[in-house]
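Shown next: target_1.cif, containing mmCIF, C-alpha atoms.
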data_my_file
loop_
_atom_site.label_atom_id
_atom_site.label_comp_id
_atom_site.auth_asym_id
_atom_site.auth_seq_id
_atom_site.Cartn_x
_atom_site.Cartn_y
_atom_site.Cartn_z
CA MET A 1 -6.42 -23.06 0.15
CA ILE A 2 -5.54 -26.69 -0.46
CA TRP A 3 -2.21 -27.80 -1.91
CA GLU A 4 -1.28 -31.21 -3.29
CA VAL A 5 2.22 -32.58 -2.83
CA PHE A 6 4.04 -34.97 -5.12
CA ARG A 7 7.27 -36.40 -3.87
CA GLN A 8 10.23 -38.16 -5.39
CA GLU A 9 11.88 -40.64 -3.06
CA ARG A 10 15.10 -41.13 -5.01
CA LYS A 11 16.65 -39.60 -8.09
CA GLY A 12 15.28 -41.16 -11.24
CA GLN A 13 12.04 -42.36 -9.65
CA PRO A 14 8.62 -41.05 -10.62
CA PHE A 15 6.95 -38.38 -8.49
CA THR A 16 4.07 -39.88 -6.55
CA HIS A 17 1.23 -38.19 -4.73
CA GLY A 18 2.12 -37.68 -1.07
CA GLY A 19 -0.96 -35.95 0.31
CA SER A 20 -2.49 -32.53 0.72
CA PHE A 21 -2.64 -29.73 3.26
CA HIS A 22 -4.06 -26.26 3.88
CA ALA A 23 -1.76 -23.29 3.39
CA PRO A 24 -2.71 -19.67 2.86
CA ASP A 25 -0.05 -18.94 0.23
CA GLN A 26 2.98 -20.25 -1.63
CA ALA A 27 5.46 -19.41 1.12
CA PHE A 28 3.51 -21.34 3.75
CA ALA A 29 2.92 -24.15 1.27
CA ASP A 30 6.67 -24.49 0.66
CA ALA A 31 7.41 -24.51 4.37
CA TYR A 32 4.71 -27.08 5.15
CA ALA A 33 5.75 -29.29 2.25
CA ARG A 34 9.33 -29.37 3.53
CA GLU A 35 8.19 -30.14 7.08
CA PHE A 36 5.59 -32.74 6.14
CA TYR A 37 7.38 -34.58 3.36
CA ALA A 38 11.11 -34.06 3.54
CA ARG A 39 12.29 -33.38 7.05
CA ARG A 40 13.74 -36.86 7.54
CA GLY A 41 15.32 -36.98 4.12
CA GLU A 42 12.51 -39.16 2.77
CA SER A 43 12.20 -37.10 -0.43
CA VAL A 44 14.81 -35.72 -2.83
CA ALA A 45 12.34 -33.40 -4.59
CA LEU A 46 8.79 -32.15 -4.13
CA TRP A 47 6.17 -30.68 -6.45
CA VAL A 48 3.76 -28.43 -4.58
CA VAL A 49 0.65 -27.64 -6.57
CA PRO A 50 -2.52 -25.70 -5.73
CA ARG A 51 -5.35 -28.23 -5.90
CA ASP A 52 -7.33 -25.89 -8.18
CA ALA A 53 -4.56 -26.14 -10.77
CA ILE A 54 -5.14 -29.87 -11.14
CA THR A 55 -7.63 -31.21 -13.65
CA ALA A 56 -8.90 -34.63 -12.72
CA ILE A 57 -10.03 -36.82 -15.61
CA GLU A 58 -11.76 -39.98 -14.52
CA GLU A 59 -14.00 -41.08 -17.38
CA PHE A 60 -12.50 -42.74 -20.45
CA PRO A 61 -15.34 -43.79 -22.73
CA ASP A 62 -14.44 -45.95 -25.72
CA GLU A 63 -17.64 -45.85 -27.76
CA PHE A 64 -15.96 -46.86 -30.97
CA ASP A 65 -14.00 -49.72 -29.42
CA LEU A 66 -10.68 -48.41 -30.67
CA LYS A 67 -8.85 -51.71 -30.25
CA TYR A 68 -6.26 -50.97 -32.89
CA ARG A 69 -4.55 -48.76 -30.30
CA ARG A 70 -3.97 -51.62 -27.92
CA VAL A 71 -2.04 -54.87 -28.04
CA ASP A 72 -5.27 -56.85 -27.52
CA GLY A 73 -6.47 -55.36 -30.81
CA TYR A 74 -4.12 -57.64 -32.74
CA SER A 75 -4.33 -61.37 -33.11
CA ILE A 76 -1.49 -62.36 -35.39
CA LYS A 77 -1.46 -66.07 -34.66
CA ALA A 78 -3.41 -67.25 -37.72
CA ARG A 79 -1.69 -64.87 -40.13
CA LEU A 80 1.74 -65.74 -38.83
CA LYS A 81 0.99 -69.43 -39.34
CA GLU A 82 -0.10 -68.85 -42.93
CA ALA A 83 2.95 -66.70 -43.64
CA ARG A 84 5.27 -69.38 -42.28
CA ASP A 85 3.44 -72.06 -44.30
CA ARG A 86 3.84 -70.06 -47.51
CA ALA A 87 7.49 -69.41 -46.80
CA GLY A 88 8.04 -73.02 -45.89
CA THR A 89 9.55 -72.07 -42.52
CA ALA A 90 6.87 -73.58 -40.27
CA ALA A 91 8.26 -75.85 -37.53
CA ALA A 92 7.82 -79.51 -38.36
CA MET B 1 -26.26 -53.42 8.84
CA ALA B 2 -28.56 -52.17 6.17
CA ALA B 3 -27.44 -52.86 2.65
CA THR B 4 -30.92 -52.20 1.37
CA GLU B 5 -30.67 -51.27 -2.26
CA PRO B 6 -28.89 -53.26 -4.97
CA ARG B 7 -26.32 -50.51 -5.54
CA GLU B 8 -25.41 -50.61 -1.87
CA GLN B 9 -25.11 -54.39 -1.90
CA GLU B 10 -22.90 -54.17 -4.96
CA PHE B 11 -20.66 -51.65 -3.17
CA LEU B 12 -20.49 -53.90 -0.10
CA ASP B 13 -19.49 -56.89 -2.25
CA TYR B 14 -16.91 -54.71 -3.93
CA VAL B 15 -15.20 -53.54 -0.71
CA GLN B 16 -15.47 -56.97 0.90
CA SER B 17 -13.66 -58.55 -2.03
CA GLY B 18 -10.77 -56.09 -1.61
CA GLY B 19 -12.04 -53.23 -3.80
CA LEU B 20 -10.66 -49.77 -3.07
CA VAL B 21 -12.70 -46.58 -2.98
CA GLU B 22 -11.54 -43.09 -3.99
CA THR B 23 -12.94 -39.72 -2.90
CA ASP B 24 -15.06 -39.05 -5.98
CA ASP B 25 -16.50 -42.58 -6.22
CA TRP B 26 -20.12 -43.20 -5.32
CA MET B 27 -20.47 -44.61 -1.80
CA PRO B 28 -23.42 -45.45 0.46
CA ASP B 29 -24.33 -42.78 3.01
CA GLU B 30 -23.67 -45.16 5.87
CA TYR B 31 -20.16 -45.89 4.60
CA ARG B 32 -19.39 -42.18 4.25
CA ALA B 33 -20.81 -41.39 7.70
CA ARG B 34 -18.81 -44.18 9.36
CA LEU B 35 -15.64 -43.08 7.60
CA ILE B 36 -16.09 -39.48 8.70
CA LYS B 37 -16.80 -40.40 12.32
CA PHE B 38 -13.88 -42.83 12.57
CA ILE B 39 -11.30 -40.76 10.71
CA GLU B 40 -12.35 -37.58 12.50
CA MET B 41 -11.86 -39.30 15.85
CA HIS B 42 -8.44 -40.40 14.69
CA GLY B 43 -7.57 -36.81 13.74
CA ASN B 44 -8.91 -35.53 17.07
CA SER B 45 -6.78 -38.09 18.91
CA GLU B 46 -3.61 -36.99 17.12
CA LEU B 47 -4.34 -33.40 18.14
CA MET B 48 -5.37 -34.14 21.73
CA GLY B 49 -2.56 -36.68 22.08
CA VAL B 50 0.08 -33.99 21.99
CA LEU B 51 -1.27 -32.22 25.07
CA PRO B 52 -0.01 -34.71 27.67
CA GLU B 53 3.37 -34.64 25.91
CA ARG B 54 3.42 -30.89 25.55
CA ASP B 55 3.33 -30.66 29.36
CA TRP B 56 6.78 -32.25 29.41
CA ILE B 57 8.66 -30.20 26.83
CA LEU B 58 9.87 -27.75 29.48
CA ARG B 59 10.54 -30.55 31.94
CA ALA B 60 12.42 -32.96 29.67
CA PRO B 61 15.55 -34.22 31.46
CA THR B 62 18.06 -33.45 28.68
CA LEU B 63 18.25 -31.22 25.61
CA GLN B 64 18.29 -34.32 23.39
CA ARG B 65 15.06 -35.61 24.96
CA LYS B 66 13.47 -32.18 24.68
CA LEU B 67 14.24 -32.04 20.95
CA ALA B 68 13.05 -35.61 20.36
CA LEU B 69 9.80 -34.94 22.21
CA THR B 70 9.23 -31.73 20.27
CA ALA B 71 9.84 -33.59 17.00
CA LYS B 72 7.32 -36.26 18.02
CA ILE B 73 4.75 -33.60 18.84
CA GLN B 74 5.33 -31.97 15.47
CA ASP B 75 4.76 -35.36 13.80
CA GLU B 76 1.48 -35.91 15.65
CA VAL B 77 0.11 -32.47 14.77
CA GLY B 78 1.18 -33.12 11.17
CA HIS B 79 -0.79 -36.40 11.27
CA CYS B 80 -3.80 -34.48 12.51
CA GLN B 81 -3.57 -32.07 9.60
CA LEU B 82 -3.28 -34.88 7.05
CA ILE B 83 -6.09 -36.88 8.61
CA TYR B 84 -8.44 -33.89 8.84
CA ARG B 85 -7.79 -33.36 5.10
CA VAL B 86 -9.16 -36.85 4.46
CA VAL B 87 -12.26 -35.98 6.52
CA GLU B 88 -12.66 -32.71 4.63
CA ASP B 89 -12.62 -34.42 1.26
CA LEU B 90 -15.38 -36.69 2.57
CA GLY B 91 -17.49 -33.62 3.32
CA LYS B 92 -16.76 -32.32 6.82
CA PRO B 93 -14.62 -29.15 6.94
CA ARG B 94 -11.73 -28.91 9.39
CA GLU B 95 -13.25 -25.95 11.21
CA ARG B 96 -16.31 -28.05 11.99
CA CYS B 97 -14.14 -30.91 13.24
CA LEU B 98 -12.44 -28.45 15.61
CA ASP B 99 -15.80 -26.98 16.68
CA ASP B 100 -17.13 -30.44 17.50
CA LEU B 101 -13.94 -31.40 19.29
CA ILE B 102 -13.85 -28.44 21.66
CA SER B 103 -17.59 -28.50 22.29
CA GLY B 104 -17.19 -32.11 23.47
CA LYS B 105 -19.49 -33.46 20.76
CA ALA B 106 -16.78 -35.45 18.98
CA LYS B 107 -14.67 -38.09 20.69
CA PHE B 108 -10.94 -38.67 20.98
CA HIS B 109 -9.03 -41.73 22.06
CA ASN B 110 -9.33 -42.96 25.66
CA VAL B 111 -5.61 -42.79 26.43
CA PHE B 112 -5.55 -39.03 25.98
CA HIS B 113 -8.05 -38.47 28.78
CA TYR B 114 -5.53 -39.39 31.49
CA PRO B 115 -2.98 -37.19 33.25
CA THR B 116 0.80 -37.69 33.10
CA LYS B 117 2.44 -37.70 36.49
CA SER B 118 6.14 -38.15 35.72
CA TRP B 119 8.73 -38.43 32.97
CA GLY B 120 8.09 -42.19 33.25
CA ASP B 121 4.64 -41.60 31.77
CA VAL B 122 6.20 -39.84 28.79
CA GLY B 123 8.36 -42.88 28.05
CA VAL B 124 5.51 -45.33 28.55
CA ILE B 125 3.17 -43.30 26.33
CA ALA B 126 5.68 -43.00 23.49
CA TRP B 127 6.59 -46.67 23.74
CA LEU B 128 3.37 -48.50 24.57
CA VAL B 129 0.54 -46.15 23.58
CA ASP B 130 2.23 -45.60 20.24
CA ALA B 131 2.83 -49.36 19.95
CA ALA B 132 -0.88 -50.00 20.50
CA ALA B 133 -1.69 -47.25 18.00
CA ILE B 134 0.62 -48.58 15.33
CA ILE B 135 -1.12 -51.97 15.50
CA SER B 136 -4.44 -50.29 14.65
CA GLN B 137 -2.83 -48.03 12.08
CA LYS B 138 -0.98 -50.84 10.30
CA ALA B 139 -4.32 -52.61 9.89
CA LEU B 140 -5.68 -49.39 8.37
CA LEU B 141 -3.13 -49.65 5.56
CA LYS B 142 -5.62 -52.15 4.13
CA CYS B 143 -8.60 -49.81 4.57
CA SER B 144 -11.10 -49.94 1.70
CA TYR B 145 -11.04 -46.13 1.59
CA ALA B 146 -7.78 -45.62 -0.28
CA PRO B 147 -7.01 -41.94 0.54
CA TYR B 148 -7.01 -42.81 4.26
CA ALA B 149 -4.85 -45.90 3.71
CA ARG B 150 -2.34 -43.78 1.81
CA VAL B 151 -2.05 -41.26 4.65
CA MET B 152 -1.57 -44.16 7.06
CA LYS B 153 1.60 -45.20 5.26
CA LYS B 154 3.31 -41.97 6.28
CA VAL B 155 1.78 -42.06 9.77
CA CYS B 156 3.02 -45.60 10.48
CA TRP B 157 6.48 -44.75 9.24
CA GLU B 158 6.72 -41.83 11.67
CA GLU B 159 5.16 -43.76 14.56
CA SER B 160 7.99 -46.26 14.37
CA PHE B 161 10.39 -43.47 15.42
CA HIS B 162 8.15 -42.64 18.35
CA ILE B 163 8.13 -46.20 19.63
CA LEU B 164 11.91 -46.29 19.51
CA HIS B 165 12.15 -42.90 21.24
CA GLY B 166 9.80 -44.20 23.95
CA ARG B 167 11.58 -47.50 24.38
CA ASP B 168 14.92 -45.72 24.59
CA THR B 169 13.52 -43.37 27.25
CA VAL B 170 12.21 -46.33 29.26
CA LEU B 171 15.50 -48.22 28.89
CA ALA B 172 17.45 -45.19 30.10
CA MET B 173 15.28 -45.05 33.20
CA VAL B 174 15.29 -48.76 34.04
CA THR B 175 19.08 -48.77 33.76
CA GLY B 176 19.29 -45.65 35.94
CA THR B 177 18.69 -45.17 39.64
CA ALA B 178 16.19 -47.17 41.69
CA GLU B 179 14.02 -44.07 41.78
CA GLN B 180 14.01 -43.76 38.00
CA ARG B 181 13.09 -47.45 37.63
CA GLU B 182 10.28 -46.93 40.13
CA LEU B 183 8.91 -44.03 38.03
CA VAL B 184 8.65 -46.39 35.04
CA GLN B 185 7.00 -49.11 37.12
CA GLU B 186 4.44 -46.64 38.46
CA ALA B 187 3.73 -45.36 34.97
CA ILE B 188 3.23 -48.90 33.57
CA THR B 189 0.86 -49.66 36.43
CA ARG B 190 -1.11 -46.45 35.76
CA TRP B 191 -1.29 -47.01 32.01
CA TRP B 192 -2.11 -50.71 31.97
CA VAL B 193 -5.90 -50.41 32.13
CA PRO B 194 -6.07 -47.61 29.54
CA LEU B 195 -3.84 -49.77 27.31
CA MET B 196 -6.16 -52.75 27.75
CA HIS B 197 -9.07 -50.48 26.83
CA PHE B 198 -7.23 -49.08 23.85
CA HIS B 199 -8.44 -51.47 21.14
CA GLY B 200 -12.04 -51.39 22.31
CA THR B 201 -14.58 -53.96 23.45
CA PRO B 202 -14.09 -57.52 22.17
CA ILE B 203 -16.95 -57.27 19.68
CA PRO B 204 -16.66 -60.17 17.18
CA ALA B 205 -15.14 -58.95 13.93
CA GLU B 206 -18.04 -60.27 11.83
CA GLU B 207 -20.48 -58.13 13.86
CA ASP B 208 -18.34 -55.01 13.72
CA PRO B 209 -19.72 -52.77 10.95
CA MET B 210 -16.27 -51.18 10.62
CA VAL B 211 -14.86 -54.57 9.68
CA VAL B 212 -17.86 -55.43 7.49
CA TRP B 213 -17.29 -52.29 5.38
CA ARG B 214 -13.58 -53.15 5.46
CA ILE B 215 -12.75 -49.78 6.94
CA LYS B 216 -10.91 -51.75 9.60
CA SER B 217 -9.28 -55.02 8.60
CA GLN B 218 -8.97 -56.55 12.04
CA GLY B 219 -11.25 -57.04 15.02
CA ASN B 220 -10.63 -55.32 18.35
CA GLU B 221 -9.63 -58.46 20.21
CA GLU B 222 -7.29 -59.50 17.43
CA ALA B 223 -5.51 -56.13 17.76
CA ARG B 224 -5.29 -56.46 21.55
CA GLN B 225 -3.87 -59.97 21.26
CA GLN B 226 -1.27 -58.70 18.84
CA PHE B 227 -0.33 -55.95 21.30
CA LEU B 228 -0.04 -58.38 24.22
CA GLU B 229 1.91 -60.88 22.15
CA GLY B 230 4.35 -58.24 20.97
CA TYR B 231 4.84 -56.13 24.07
CA VAL B 232 4.19 -58.10 27.27
CA PRO B 233 7.45 -60.03 26.80
CA GLN B 234 9.31 -56.77 26.12
CA ILE B 235 7.94 -55.27 29.35
CA LEU B 236 8.62 -58.33 31.47
CA GLU B 237 12.19 -58.79 30.23
CA LEU B 238 13.02 -55.44 31.84
CA GLY B 239 11.94 -56.83 35.20
CA LEU B 240 8.85 -54.63 35.23
CA GLU B 241 5.56 -55.94 36.57
CA LEU B 242 2.08 -55.76 35.10
CA PRO B 243 -0.82 -55.14 37.46
CA ASP B 244 -2.95 -58.07 36.28
CA PRO B 245 -2.51 -61.36 38.16
CA LYS B 246 -4.58 -63.20 35.53
CA LEU B 247 -2.41 -62.13 32.62
CA ARG B 248 -0.88 -65.19 30.94
CA ARG B 249 -0.36 -66.75 27.56
CA ASN B 250 -2.29 -70.03 27.48
CA ASP B 251 -1.28 -73.23 25.70
CA GLU B 252 -3.09 -72.18 22.53
CA GLY B 253 -1.02 -69.00 22.40
CA VAL B 254 -3.96 -66.80 23.42
CA TRP B 255 -3.43 -64.12 26.04
CA GLU B 256 -5.81 -64.33 28.99
CA TYR B 257 -6.39 -61.27 31.13
CA THR B 258 -8.74 -59.72 33.64
CA GLU B 259 -11.69 -58.28 31.77
CA PRO B 260 -11.24 -54.50 31.92
CA ASP B 261 -14.14 -52.34 33.07
CA TRP B 262 -15.79 -51.41 29.78
CA ASP B 263 -18.11 -48.91 31.46
CA GLU B 264 -15.02 -46.98 32.49
CA LEU B 265 -13.92 -46.85 28.85
CA LEU B 266 -17.30 -45.49 27.79
CA SER B 267 -17.30 -42.94 30.58
CA VAL B 268 -13.75 -41.81 29.77
CA VAL B 269 -14.30 -41.33 26.03
CA THR B 270 -17.50 -39.40 26.61
CA GLY B 271 -15.54 -36.72 28.44
CA HIS B 272 -15.54 -38.04 32.01
CA GLY B 273 -11.91 -39.12 32.21
CA PRO B 274 -9.61 -37.67 34.86
CA ALA B 275 -8.07 -35.14 32.45
CA SER B 276 -10.82 -34.85 29.79
CA GLN B 277 -12.17 -31.44 30.69
CA GLU B 278 -8.82 -29.90 31.48
CA ARG B 279 -7.51 -30.97 28.06
CA LEU B 280 -10.58 -29.72 26.23
CA GLU B 281 -10.36 -26.45 28.12
CA PHE B 282 -6.75 -26.07 27.04
CA ARG B 283 -7.70 -26.77 23.42
CA ARG B 284 -10.48 -24.13 23.62
CA LEU B 285 -8.08 -21.64 25.11
CA SER B 286 -5.36 -22.24 22.55
CA ARG B 287 -7.87 -22.00 19.70
CA ALA B 288 -9.14 -18.68 21.04
CA GLU B 289 -5.65 -17.38 21.69
CA THR B 290 -4.32 -18.24 18.24
CA ASP B 291 -7.41 -17.16 16.34
CA TRP B 292 -5.80 -13.81 15.48
CA VAL B 293 -2.86 -15.62 13.84
CA SER B 294 -4.99 -17.43 11.30
CA LYS B 295 -7.02 -14.26 10.72
CA VAL B 296 -3.87 -12.24 10.00
CA VAL B 297 -2.31 -14.93 7.82
CA LEU B 298 -5.46 -15.50 5.82
CA ALA B 299 -6.05 -11.75 5.42
CA GLU B 300 -2.49 -11.27 4.15
CA ALA B 301 -2.84 -14.17 1.74
CA ALA B 302 -6.15 -12.87 0.39
#

For this file, write the structure as structure tokens.
Amino acid sequence: MIWEVFRQERKGQPFTHGGSFHAPDQAFADAYAREFYARRGESVALWVVPRDAITAIEEFPDEFDLKYRRVDGYSIKARLKEARDRAGTAAA
Amino acid sequence: MAATEPREQEFLDYVQSGGLVETDDWMPDEYRARLIKFIEMHGNSELMGVLPERDWILRAPTLQRKLALTAKIQDEVGHCQLIYRVVEDLGKPRERCLDDLISGKAKFHNVFHYPTKSWGDVGVIAWLVDAAAIISQKALLKCSYAPYARVMKKVCWEESFHILHGRDTVLAMVTGTAEQRELVQEAITRWWVPLMHFHGTPIPAEEDPMVVWRIKSQGNEEARQQFLEGYVPQILELGLELPDPKLRRNDEGVWEYTEPDWDELLSVVTGHGPASQERLEFRRLSRAETDWVSKVVLAEAA
């Protein structure tokens, strides 16, 4: 059985993937995770997860070009200029 | 090298321009096969590399040294487990790696085919063999196959402890009795040729398929030069001698040395080194002897 380990280096930092190992059950997985990823104090916390529990999503199709969800979906330059012109606040 | 179809050429362009590859990405068969062979040999070497050190656990001169050596051995076996995981995700299960290792079909690094004669060897191995290894491994941080590069980050970090442990051991001996100093000198003399072999034949980087696929990011000779540049001065400043009268740094900053016998390297890594068979036999024995443990553990977990 394969387990994935995520480790936090310091409090407040995100957990990042550390690696994976074989372990027959949770107790072995805990022991291995401690030995592999924390025995020199290099981690303050670990998440130990059976690989099967992880769903990997790798395809993100955007058939409808949903640009309004992203900053590059907005070009405000022209409108801003017109608004400033109307308000009489455009820089000289 | 055969980048025959357009998709393969595209992949080659991608990795050559710094692109990174993940486990589930499409990759050419040749790339996958080369990765498996190389990474598997690395894993094998971590596992076989603990055997010469294991011999010295019971003979370590102090409790502190015994604990440090045991910790190093634990690190190396841990590296093996992590590295075999990378091989597994590429398609070759760990059990098959172990089968091929003990049957002699798969290779492991040349330096682990030699015997250790004294505690001096233990210091020289931890200091200089690990120094040579870390040069290769640091270059692998830039490997185009990202899961391997990520594992290497942890490996390099731990190797830096080993080098210090080795250097400290050597320093303790060269500042000890004349006999202790002599043990270090003898060990350096014994290990010099294997160390010169370590980075492989001086095949030009542009002809090395491992460099072309950007699995390795430096050529063999480049790695050896880096080793010589970094460590020869550190060896000589201790008043130790190196058994190569031609060894010198020329005016262009390039290290010149006596060409090592490359046939010897080939013969050693194909299982004809002075300790090759003994080590493999030990690995077979320990696998057979501990088989019941994994059976029991797996049965209990099931």

Explicit residues for the PyMOL selection byres ((chain B) within 7 of (chain A)) (as a PyMOL selection string): chain B and resi 78+81-82+85+151+297-298+301

Test item: which residues lie within 9 Å of (7.9, -49.5, 34.8) counting only C-alpha atoms, as a list of chain:residue names: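 Residues close enough to count: B:Gly120, B:Val124, B:Val170, B:Met173, B:Val174, B:Gln180, B:Arg181, B:Glu182, B:Leu183, B:Val184, B:Gln185, B:Glu186, B:Ala187, B:Ile188, B:Thr189, B:Ile235, B:Leu238, B:Gly239, B:Leu240, B:Glu241, B:Leu242.
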
Could you list, as a tab-separated table (two decimals) with C-alpha atoms, in the frame of the given file, every residue matched by the PyMOL selection byres ((chain B and resi 140) around 7) in this structure?
chain	number	residue	atom	x	y	z
B	136	SER	CA	-4.44	-50.29	14.65
B	137	GLN	CA	-2.83	-48.03	12.08
B	138	LYS	CA	-0.98	-50.84	10.30
B	139	ALA	CA	-4.32	-52.61	9.89
B	141	LEU	CA	-3.13	-49.65	5.56
B	142	LYS	CA	-5.62	-52.15	4.13
B	143	CYS	CA	-8.60	-49.81	4.57
B	149	ALA	CA	-4.85	-45.90	3.71
B	152	MET	CA	-1.57	-44.16	7.06
B	216	LYS	CA	-10.91	-51.75	9.60
B	217	SER	CA	-9.28	-55.02	8.60

Point-to-point distance in Å for CA of Val193 (chain B) and CA of Gln225 (chain B):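 Computed distance, CA of Gln225 (chain B) to CA of Val193 (chain B), equals 14.6 Å.
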
Separation of CA of Asp25 (chain B) from CA of Gln8 (chain A), in Å and rounded to one decimal: 27.1 Å

Pairwise distance for CA of Ile83 (chain B) and CA of Gly43 (chain B), rounded to one decimal in Å: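 That distance, rounded to one decimal, is 5.3 Å.
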
Protein/DNA/RNA residues near (-17.0, -33.9, 6.7), cut 12 Å, only C-alpha atoms, as a list in words: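 Answer for this query, in the requested form: Thr23, Arg32, Ala33, Arg34, Leu35, Ile36, Lys37, Phe38, Ile39, Glu40, Met41, Ile83, Tyr84, Arg85, Val86, Val87, Glu88, Asp89, Leu90, Gly91, Lys92, Pro93, Arg94, Glu95, Arg96, Cys97, Leu98 and Asp100 of chain B.
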
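Residue nearest Tyr231 (chain B) within the list B:Arg283, B:Arg59, B:Val129, B:Trp262: B:Val129 [criterion: smallest interatomic distance, all atoms listed in the file].
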
When the PyMOL selection byres ((chain B and resi 220) around 8) is applied to the structure above, which residues does it catch, written out as a PDB file with C-alpha atoms, in the frame of the given file?
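Contents of the output file expr-v5.pdb:
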ATOM      1  CA  HIS B 199      -8.440 -51.470  21.140  1.00  0.00           C
ATOM      2  CA  GLY B 200     -12.040 -51.390  22.310  1.00  0.00           C
ATOM      3  CA  THR B 201     -14.580 -53.960  23.450  1.00  0.00           C
ATOM      4  CA  PRO B 202     -14.090 -57.520  22.170  1.00  0.00           C
ATOM      5  CA  ILE B 203     -16.950 -57.270  19.680  1.00  0.00           C
ATOM      6  CA  PRO B 204     -16.660 -60.170  17.180  1.00  0.00           C
ATOM      7  CA  ALA B 205     -15.140 -58.950  13.930  1.00  0.00           C
ATOM      8  CA  GLN B 218      -8.970 -56.550  12.040  1.00  0.00           C
ATOM      9  CA  GLY B 219     -11.250 -57.040  15.020  1.00  0.00           C
ATOM     10  CA  GLU B 221      -9.630 -58.460  20.210  1.00  0.00           C
ATOM     11  CA  GLU B 222      -7.290 -59.500  17.430  1.00  0.00           C
ATOM     12  CA  ALA B 223      -5.510 -56.130  17.760  1.00  0.00           C
ATOM     13  CA  ARG B 224      -5.290 -56.460  21.550  1.00  0.00           C
TER      14      ARG B 224
END

Non-local contacts of Glu9 (chain A) (12 Å; all atoms listed in the file; under 4 positions in same chain excluded) as a PyMOL selection string: chain A and resi 13-18+37-38+40-47

All residues 10 Å or closer to Ala91 (chain A), only C-alpha atoms, same chain fewer than 6 positions away omitted, as a list in words: Lys81, Arg84 and Asp85 of chain A

I need region 65-69 of chain A from the structure I supplied, saved as a compact mmCIF listing (two decimals), in the first residue's frame with all heavy atoms retained.
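Writing the result to result-v1.txt gives the following:
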# COMPACT_ATOMS: atom_id res chain seq x y z
N ASP A 65 -14.56 29.42 -22.97
CA ASP A 65 -13.68 30.58 -22.81
C ASP A 65 -14.22 31.52 -21.74
O ASP A 65 -14.60 32.67 -22.03
CB ASP A 65 -13.54 31.29 -24.18
CG ASP A 65 -12.40 32.29 -24.15
OD1 ASP A 65 -11.52 32.14 -23.27
OD2 ASP A 65 -12.39 33.22 -24.96
N LEU A 66 -14.29 31.02 -20.53
CA LEU A 66 -14.94 31.76 -19.45
C LEU A 66 -14.01 32.84 -18.88
O LEU A 66 -13.58 32.77 -17.73
CB LEU A 66 -15.38 30.78 -18.36
CG LEU A 66 -16.24 29.63 -18.87
CD1 LEU A 66 -16.56 28.66 -17.74
CD2 LEU A 66 -17.53 30.12 -19.51
N LYS A 67 -13.73 33.84 -19.72
CA LYS A 67 -12.73 34.84 -19.36
C LYS A 67 -13.19 35.78 -18.24
O LYS A 67 -12.37 36.38 -17.55
CB LYS A 67 -12.37 35.68 -20.59
CG LYS A 67 -11.26 35.04 -21.41
CD LYS A 67 -11.16 35.63 -22.79
CE LYS A 67 -10.63 37.06 -22.77
NZ LYS A 67 -10.40 37.53 -24.16
N TYR A 68 -14.51 35.86 -18.08
CA TYR A 68 -15.00 36.80 -17.07
C TYR A 68 -14.61 36.38 -15.66
O TYR A 68 -14.77 37.14 -14.70
CB TYR A 68 -16.53 36.94 -17.17
CG TYR A 68 -17.28 35.63 -17.06
CD1 TYR A 68 -17.58 35.10 -15.80
CD2 TYR A 68 -17.67 34.94 -18.20
CE1 TYR A 68 -18.25 33.89 -15.70
CE2 TYR A 68 -18.34 33.74 -18.10
CZ TYR A 68 -18.63 33.21 -16.85
OH TYR A 68 -19.27 32.03 -16.75
N ARG A 69 -14.05 35.15 -15.53
CA ARG A 69 -13.61 34.70 -14.21
C ARG A 69 -12.18 35.11 -13.91
O ARG A 69 -11.68 34.85 -12.83
CB ARG A 69 -13.65 33.17 -14.15
CG ARG A 69 -15.04 32.60 -14.18
CD ARG A 69 -14.92 31.11 -14.32
NE ARG A 69 -16.21 30.45 -14.13
CZ ARG A 69 -16.39 29.17 -14.33
NH1 ARG A 69 -15.39 28.42 -14.73
NH2 ARG A 69 -17.56 28.63 -14.13
